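S.K.: The file below is entry-v4.pdb, PDB, C-alpha atoms:
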```
MODEL        1
ATOM      1  CA  MET A   1      33.637 149.840 158.402  1.00  0.00           C
ATOM      2  CA  SER A   2      37.080 149.211 157.021  1.00  0.00           C
ATOM      3  CA  THR A   3      37.759 145.954 155.244  1.00  0.00           C
ATOM      4  CA  ASN A   4      41.486 146.488 155.574  1.00  0.00           C
ATOM      5  CA  GLN A   5      43.411 144.471 158.106  1.00  0.00           C
ATOM      6  CA  SER A   6      46.152 145.481 160.503  1.00  0.00           C
ATOM      7  CA  VAL A   7      49.350 143.623 159.615  1.00  0.00           C
ATOM      8  CA  VAL A   8      52.365 143.739 161.929  1.00  0.00           C
ATOM      9  CA  TYR A   9      55.680 142.034 161.341  1.00  0.00           C
ATOM     10  CA  LEU A  10      59.069 141.633 162.944  1.00  0.00           C
ATOM     11  CA  CYS A  11      62.413 139.978 162.325  1.00  0.00           C
ATOM     12  CA  ALA A  12      65.723 139.494 164.096  1.00  0.00           C
ATOM     13  CA  ASP A  13      68.386 142.125 163.495  1.00  0.00           C
ATOM     14  CA  ALA A  14      70.496 139.615 161.540  1.00  0.00           C
ATOM     15  CA  ASP A  15      67.596 139.146 159.074  1.00  0.00           C
ATOM     16  CA  LYS A  16      66.615 142.798 158.660  1.00  0.00           C
ATOM     17  CA  ALA A  17      68.243 143.355 155.251  1.00  0.00           C
ATOM     18  CA  LYS A  18      66.669 140.324 153.562  1.00  0.00           C
ATOM     19  CA  ALA A  19      63.273 140.900 155.203  1.00  0.00           C
ATOM     20  CA  ASN A  20      63.250 144.563 154.131  1.00  0.00           C
ATOM     21  CA  LEU A  21      64.252 143.612 150.588  1.00  0.00           C
ATOM     22  CA  GLY A  22      61.496 141.000 150.428  1.00  0.00           C
ATOM     23  CA  MET A  23      58.948 143.492 151.734  1.00  0.00           C
ATOM     24  CA  ALA A  24      60.137 146.092 149.211  1.00  0.00           C
ATOM     25  CA  ALA A  25      59.561 143.611 146.369  1.00  0.00           C
ATOM     26  CA  PHE A  26      56.163 142.637 147.777  1.00  0.00           C
ATOM     27  CA  TYR A  27      55.045 146.271 147.916  1.00  0.00           C
ATOM     28  CA  GLY A  28      56.945 147.400 144.791  1.00  0.00           C
ATOM     29  CA  ASN A  29      58.905 149.967 146.819  1.00  0.00           C
ATOM     30  CA  ALA A  30      62.454 151.151 146.297  1.00  0.00           C
ATOM     31  CA  SER A  31      64.925 148.391 147.130  1.00  0.00           C
ATOM     32  CA  ASP A  32      66.220 150.376 150.106  1.00  0.00           C
ATOM     33  CA  ALA A  33      62.762 150.851 151.661  1.00  0.00           C
ATOM     34  CA  GLN A  34      62.735 150.291 155.413  1.00  0.00           C
ATOM     35  CA  ASN A  35      59.451 148.501 156.092  1.00  0.00           C
ATOM     36  CA  LEU A  36      60.924 147.054 159.277  1.00  0.00           C
ATOM     37  CA  SER A  37      62.051 150.281 160.897  1.00  0.00           C
ATOM     38  CA  VAL A  38      60.998 150.138 164.556  1.00  0.00           C
ATOM     39  CA  GLY A  39      63.918 149.104 166.758  1.00  0.00           C
ATOM     40  CA  LEU A  40      63.071 146.455 169.370  1.00  0.00           C
ATOM     41  CA  VAL A  41      64.863 144.959 172.369  1.00  0.00           C
ATOM     42  CA  PRO A  42      64.004 142.248 174.925  1.00  0.00           C
ATOM     43  CA  LEU A  43      61.896 143.263 177.921  1.00  0.00           C
ATOM     44  CA  ASP A  44      64.775 142.661 180.332  1.00  0.00           C
ATOM     45  CA  VAL A  45      67.048 145.388 178.922  1.00  0.00           C
ATOM     46  CA  ALA A  46      66.856 149.167 178.835  1.00  0.00           C
ATOM     47  CA  ASN A  47      64.785 150.511 175.946  1.00  0.00           C
ATOM     48  CA  ASP A  48      66.420 153.951 175.946  1.00  0.00           C
ATOM     49  CA  GLY A  49      68.647 153.315 172.919  1.00  0.00           C
ATOM     50  CA  SER A  50      71.667 152.340 175.020  1.00  0.00           C
ATOM     51  CA  VAL A  51      71.289 148.746 173.801  1.00  0.00           C
ATOM     52  CA  PRO A  52      71.237 148.131 170.033  1.00  0.00           C
ATOM     53  CA  ALA A  53      68.096 146.697 168.492  1.00  0.00           C
ATOM     54  CA  THR A  54      67.934 142.909 168.529  1.00  0.00           C
ATOM     55  CA  HIS A  55      64.795 142.895 166.366  1.00  0.00           C
ATOM     56  CA  TRP A  56      62.969 145.219 163.986  1.00  0.00           C
ATOM     57  CA  GLY A  57      59.264 145.661 163.402  1.00  0.00           C
ATOM     58  CA  GLY A  58      56.735 147.418 161.248  1.00  0.00           C
ATOM     59  CA  ALA A  59      53.018 147.717 160.592  1.00  0.00           C
ATOM     60  CA  SER A  60      50.632 148.446 157.750  1.00  0.00           C
ATOM     61  CA  TRP A  61      46.973 148.342 156.735  1.00  0.00           C
ATOM     62  CA  GLN A  62      46.308 145.830 153.959  1.00  0.00           C
ATOM     63  CA  PRO A  63      43.333 144.578 151.975  1.00  0.00           C
ATOM     64  CA  PRO A  64      42.386 141.021 153.011  1.00  0.00           C
ATOM     65  CA  ALA A  65      44.157 139.262 150.114  1.00  0.00           C
ATOM     66  CA  GLN A  66      47.455 141.032 150.790  1.00  0.00           C
ATOM     67  CA  ALA A  67      47.115 140.527 154.555  1.00  0.00           C
ATOM     68  CA  THR A  68      46.642 136.791 153.988  1.00  0.00           C
ATOM     69  CA  ALA A  69      49.623 136.654 151.619  1.00  0.00           C
ATOM     70  CA  LEU A  70      51.826 138.347 154.226  1.00  0.00           C
ATOM     71  CA  LYS A  71      50.505 136.098 157.018  1.00  0.00           C
ATOM     72  CA  ASP A  72      51.225 132.939 154.992  1.00  0.00           C
ATOM     73  CA  TRP A  73      54.694 134.032 153.823  1.00  0.00           C
ATOM     74  CA  PRO A  74      56.639 132.948 156.947  1.00  0.00           C
ATOM     75  CA  GLY A  75      55.053 129.494 156.577  1.00  0.00           C
ATOM     76  CA  GLY A  76      56.652 128.965 153.187  1.00  0.00           C
ATOM     77  CA  VAL A  77      54.099 130.380 150.749  1.00  0.00           C
ATOM     78  CA  ASN A  78      55.647 133.091 148.585  1.00  0.00           C
ATOM     79  CA  PRO A  79      53.281 135.972 147.888  1.00  0.00           C
ATOM     80  CA  THR A  80      52.950 137.438 144.431  1.00  0.00           C
ATOM     81  CA  PRO A  81      55.146 140.540 144.556  1.00  0.00           C
ATOM     82  CA  ALA A  82      54.138 143.898 143.133  1.00  0.00           C
ATOM     83  CA  SER A  83      57.395 143.773 141.170  1.00  0.00           C
ATOM     84  CA  ASP A  84      59.179 140.600 140.086  1.00  0.00           C
ATOM     85  CA  TRP A  85      61.582 139.216 142.692  1.00  0.00           C
ATOM     86  CA  SER A  86      64.388 139.394 140.114  1.00  0.00           C
ATOM     87  CA  ASN A  87      64.023 143.185 139.967  1.00  0.00           C
ATOM     88  CA  TYR A  88      65.329 143.106 143.536  1.00  0.00           C
ATOM     89  CA  GLY A  89      68.141 140.626 142.904  1.00  0.00           C
ATOM     90  CA  MET A  90      66.065 137.843 144.446  1.00  0.00           C
ATOM     91  CA  ASP A  91      64.801 134.490 143.276  1.00  0.00           C
ATOM     92  CA  GLU A  92      62.001 132.333 144.724  1.00  0.00           C
ATOM     93  CA  ASP A  93      64.368 130.779 147.292  1.00  0.00           C
ATOM     94  CA  ASP A  94      65.533 134.218 148.436  1.00  0.00           C
ATOM     95  CA  ALA A  95      61.896 135.256 148.792  1.00  0.00           C
ATOM     96  CA  LEU A  96      61.159 132.149 150.870  1.00  0.00           C
ATOM     97  CA  ALA A  97      64.137 132.988 153.109  1.00  0.00           C
ATOM     98  CA  ALA A  98      62.876 136.556 153.537  1.00  0.00           C
ATOM     99  CA  GLY A  99      59.455 135.272 154.555  1.00  0.00           C
ATOM    100  CA  ALA A 100      60.884 132.660 156.907  1.00  0.00           C
ATOM    101  CA  ALA A 101      62.848 135.395 158.672  1.00  0.00           C
ATOM    102  CA  MET A 102      59.673 137.214 159.711  1.00  0.00           C
ATOM    103  CA  THR A 103      56.877 136.794 162.211  1.00  0.00           C
ATOM    104  CA  VAL A 104      53.613 138.219 160.884  1.00  0.00           C
ATOM    105  CA  GLN A 105      50.362 138.790 162.743  1.00  0.00           C
ATOM    106  CA  VAL A 106      47.061 139.976 161.252  1.00  0.00           C
ATOM    107  CA  MET A 107      44.035 141.458 163.020  1.00  0.00           C
ATOM    108  CA  THR A 108      40.768 142.503 161.410  1.00  0.00           C
ATOM    109  CA  SER A 109      39.048 145.697 162.465  1.00  0.00           C
ATOM    110  CA  ALA A 110      35.742 145.289 164.260  1.00  0.00           C
ATOM    111  CA  GLY A 111      34.828 148.777 163.094  1.00  0.00           C
ATOM    112  CA  GLY A 112      35.521 151.994 164.918  1.00  0.00           C
ATOM    113  CA  ASP A 113      38.965 150.884 166.072  1.00  0.00           C
ATOM    114  CA  GLU A 114      40.938 151.848 162.979  1.00  0.00           C
ATOM    115  CA  ASP A 115      42.921 154.463 164.911  1.00  0.00           C
ATOM    116  CA  THR A 116      43.995 152.101 167.704  1.00  0.00           C
ATOM    117  CA  LEU A 117      44.100 148.620 166.146  1.00  0.00           C
ATOM    118  CA  PRO A 118      47.575 148.852 164.563  1.00  0.00           C
ATOM    119  CA  MET A 119      49.160 149.818 167.886  1.00  0.00           C
ATOM    120  CA  SER A 120      47.255 147.200 169.890  1.00  0.00           C
ATOM    121  CA  ASN A 121      48.117 144.552 167.276  1.00  0.00           C
ATOM    122  CA  PHE A 122      51.799 145.545 167.413  1.00  0.00           C
ATOM    123  CA  ALA A 123      51.750 145.591 171.239  1.00  0.00           C
ATOM    124  CA  ALA A 124      50.211 142.093 171.313  1.00  0.00           C
ATOM    125  CA  LEU A 125      52.908 140.700 168.999  1.00  0.00           C
ATOM    126  CA  LEU A 126      55.691 142.325 171.020  1.00  0.00           C
ATOM    127  CA  ALA A 127      54.248 140.967 174.279  1.00  0.00           C
ATOM    128  CA  ALA A 128      54.034 137.470 172.789  1.00  0.00           C
ATOM    129  CA  LYS A 129      57.684 137.676 171.737  1.00  0.00           C
ATOM    130  CA  GLY A 130      58.966 139.349 174.927  1.00  0.00           C
ATOM    131  CA  LEU A 131      60.044 142.525 173.120  1.00  0.00           C
ATOM    132  CA  GLN A 132      59.618 146.278 173.580  1.00  0.00           C
ATOM    133  CA  GLU A 133      60.137 149.319 171.385  1.00  0.00           C
ATOM    134  CA  ILE A 134      63.277 151.374 171.755  1.00  0.00           C
ATOM    135  CA  VAL A 135      62.320 154.881 172.859  1.00  0.00           C
ATOM    136  CA  TYR A 136      65.016 157.254 171.725  1.00  0.00           C
ATOM    137  CA  GLN A 137      65.482 160.408 173.758  1.00  0.00           C
ATOM    138  CA  LEU A 138      65.804 163.583 171.715  1.00  0.00           C
TER     139      LEU A 138
ENDMDL
END
```
Mind converting the file's structure to structure tokens?
M.R.:
Amino acid sequence: MSTNQSVVYLCADADKAKANLGMAAFYGNASDAQNLSVGLVPLDVANDGSVPATHWGGASWQPPAQATALKDWPGGVNPTPASDWSNYGMDEDDALAAGAAMTVQVMTSAGGDEDTLPMSNFAALLAAKGLQEIVYQL
């Protein structure tokens, strides 16, 4: 049974840059990493890409300590980043603003659902916020 937890997060389009930068610092990724990369729109508009994203989302598996740090971040508790905030041109206040810009939800696997839990967790958060994924036609 996995001890990792499904973590899903979203932010408004206007907050995408600061949220992505904060997530990059948290994970120690390149400063241009796109952790919030799934385009989202309200349920009452077309999700075919004809309407620009109003929100952005993402998902990851995390060990319990990191999942808790991410869950607490929007409430004003800065996590300990993998790389110092200053390496990303941020200070503690910038990090707090990045966290405040996000909604984070965590679900723990009951075992055997590792393949489906991230999607069901993401779907539950989107439903709670009245959002849907943009489905781009190729």
S.K.: Env of A:Asp113: 12 Å cut, atoms = all atoms listed in the file, seq-sep filter 6 positions within chain, self excluded. Answer as a PDB file with C-alpha atoms, keeping the file's coordinate frame.
M.R.:
```
ATOM      1  CA  MET A   1      33.637 149.840 158.402  1.00  0.00           C
ATOM      2  CA  SER A   2      37.080 149.211 157.021  1.00  0.00           C
ATOM      3  CA  THR A   3      37.759 145.954 155.244  1.00  0.00           C
ATOM      4  CA  ASN A   4      41.486 146.488 155.574  1.00  0.00           C
ATOM      5  CA  GLN A   5      43.411 144.471 158.106  1.00  0.00           C
ATOM      6  CA  SER A   6      46.152 145.481 160.503  1.00  0.00           C
ATOM      7  CA  MET A 107      44.035 141.458 163.020  1.00  0.00           C
ATOM      8  CA  MET A 119      49.160 149.818 167.886  1.00  0.00           C
ATOM      9  CA  SER A 120      47.255 147.200 169.890  1.00  0.00           C
ATOM     10  CA  ASN A 121      48.117 144.552 167.276  1.00  0.00           C
TER      11      ASN A 121
END
```
S.K.: Mind checking which residues fall within 7 Å of A:Ala25, counting only C-alpha atoms, ignoring those fewer than 4 positions away in the same chain, and posting them as a PyMOL selection string?
M.R.: chain A and resi 21+29+81-85+88
S.K.: List the residues selected by the PyMOL selection byres ((chain A and resi 96) around 12) in the file shown, writing them as number ranges by chain.
M.R.: A: 18-19, 21-23, 70, 72-80, 85, 90-95, 97-102
S.K.: For A:Asn20, work out the shell of residues within 7 Å, counting all atoms listed in the file and skipping chain neighbours fewer than 2 positions away, then give it as an MDAnalysis selection string.
M.R.: chainID A and resid 16:18 22:24 33:36
S.K.: With C-alpha atoms retained, could you export that selection as a CSV table (one decimal), keeping the file's coordinate frame?
M.R.:
```csv
chain,number,residue,atom,x,y,z
A,16,LYS,CA,66.6,142.8,158.7
A,17,ALA,CA,68.2,143.4,155.3
A,18,LYS,CA,66.7,140.3,153.6
A,22,GLY,CA,61.5,141.0,150.4
A,23,MET,CA,58.9,143.5,151.7
A,24,ALA,CA,60.1,146.1,149.2
A,33,ALA,CA,62.8,150.9,151.7
A,34,GLN,CA,62.7,150.3,155.4
A,35,ASN,CA,59.5,148.5,156.1
A,36,LEU,CA,60.9,147.1,159.3
```
S.K.: Find, counting all atoms listed in the file, the residue in A:Ser86, A:Thr103, A:Gln132, A:Ser60 that gets nearest to A:Leu117.
M.R.: A:Ser60
S.K.: The PyMOL selection byres ((chain A and resi 129) around 12) on the file shown: which residues, as a count of residues only?
M.R.: 25
S.K.: Any idea what the distance is between atom CA of A:Val38 and atom CA of A:Ala110?
M.R.: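 Result for atom CA of A:Val38 versus atom CA of A:Ala110: 25.7 Å, one decimal.
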S.K.: From the list A:Val106, A:Ile134, A:Ala53, A:Val45, which residue is nearest A:Ala65 when using all atoms listed in the file?
M.R.: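 Nearest candidate to A:Ala65 out of A:Val106, A:Ile134, A:Ala53, A:Val45: A:Val106.
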S.K.: Write out as AutoDock Vina command-line options an axis-aligned box for stretch 45-63 of chain A: all of its atoms listed in the file, 6 Å added on each side, centre and edge lengths in Å with one decimal.
M.R.:
```
--center_x 57.5 --center_y 148.4 --center_z 165.4 --size_x 40.3 --size_y 23.1 --size_z 38.9
```
S.K.: Hey, can you check how far atom CA of A:Gly28 sits from atom CA of A:Thr116?
M.R.: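 Those two atoms sit 26.7 Å apart.
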S.K.: Would you fill out stretch 29-41 of chain A with N, CA and C atoms and return it as a PDB file, in the coordinates of the input?
M.R.:
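Writing the result to part-v1.pdb gives the following:
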```pdb
ATOM      1  N   ASN A  29      58.205 148.767 146.352  1.00  0.00           N
ATOM      2  CA  ASN A  29      58.905 149.967 146.819  1.00  0.00           C
ATOM      3  C   ASN A  29      60.340 149.986 146.324  1.00  0.00           C
ATOM      4  N   ALA A  30      61.025 151.080 146.589  1.00  0.00           N
ATOM      5  CA  ALA A  30      62.454 151.151 146.297  1.00  0.00           C
ATOM      6  C   ALA A  30      63.162 150.050 147.075  1.00  0.00           C
ATOM      7  N   SER A  31      64.238 149.528 146.511  1.00  0.00           N
ATOM      8  CA  SER A  31      64.925 148.391 147.130  1.00  0.00           C
ATOM      9  C   SER A  31      65.526 148.727 148.485  1.00  0.00           C
ATOM     10  N   ASP A  32      65.678 150.005 148.802  1.00  0.00           N
ATOM     11  CA  ASP A  32      66.220 150.376 150.106  1.00  0.00           C
ATOM     12  C   ASP A  32      65.122 150.811 151.093  1.00  0.00           C
ATOM     13  N   ALA A  33      63.865 150.505 150.767  1.00  0.00           N
ATOM     14  CA  ALA A  33      62.762 150.851 151.661  1.00  0.00           C
ATOM     15  C   ALA A  33      62.938 150.147 153.005  1.00  0.00           C
ATOM     16  N   GLN A  34      62.586 150.837 154.058  1.00  0.00           N
ATOM     17  CA  GLN A  34      62.735 150.291 155.413  1.00  0.00           C
ATOM     18  C   GLN A  34      61.353 149.986 156.000  1.00  0.00           C
ATOM     19  N   ASN A  35      60.762 148.887 155.569  1.00  0.00           N
ATOM     20  CA  ASN A  35      59.451 148.501 156.092  1.00  0.00           C
ATOM     21  C   ASN A  35      59.542 148.021 157.530  1.00  0.00           C
ATOM     22  N   LEU A  36      60.679 147.458 157.895  1.00  0.00           N
ATOM     23  CA  LEU A  36      60.924 147.054 159.277  1.00  0.00           C
ATOM     24  C   LEU A  36      61.847 148.103 159.876  1.00  0.00           C
ATOM     25  N   SER A  37      61.260 149.122 160.487  1.00  0.00           N
ATOM     26  CA  SER A  37      62.051 150.281 160.897  1.00  0.00           C
ATOM     27  C   SER A  37      61.943 150.620 162.383  1.00  0.00           C
ATOM     28  N   VAL A  38      61.157 149.867 163.130  1.00  0.00           N
ATOM     29  CA  VAL A  38      60.998 150.138 164.556  1.00  0.00           C
ATOM     30  C   VAL A  38      61.970 149.238 165.320  1.00  0.00           C
ATOM     31  N   GLY A  39      62.935 149.855 165.995  1.00  0.00           N
ATOM     32  CA  GLY A  39      63.918 149.104 166.758  1.00  0.00           C
ATOM     33  C   GLY A  39      63.293 148.472 167.994  1.00  0.00           C
ATOM     34  N   LEU A  40      63.640 147.203 168.256  1.00  0.00           N
ATOM     35  CA  LEU A  40      63.071 146.455 169.370  1.00  0.00           C
ATOM     36  C   LEU A  40      64.177 145.797 170.185  1.00  0.00           C
ATOM     37  N   VAL A  41      63.935 145.651 171.466  1.00  0.00           N
ATOM     38  CA  VAL A  41      64.863 144.959 172.369  1.00  0.00           C
ATOM     39  C   VAL A  41      64.048 144.073 173.319  1.00  0.00           C
TER      40      VAL A  41
END
```
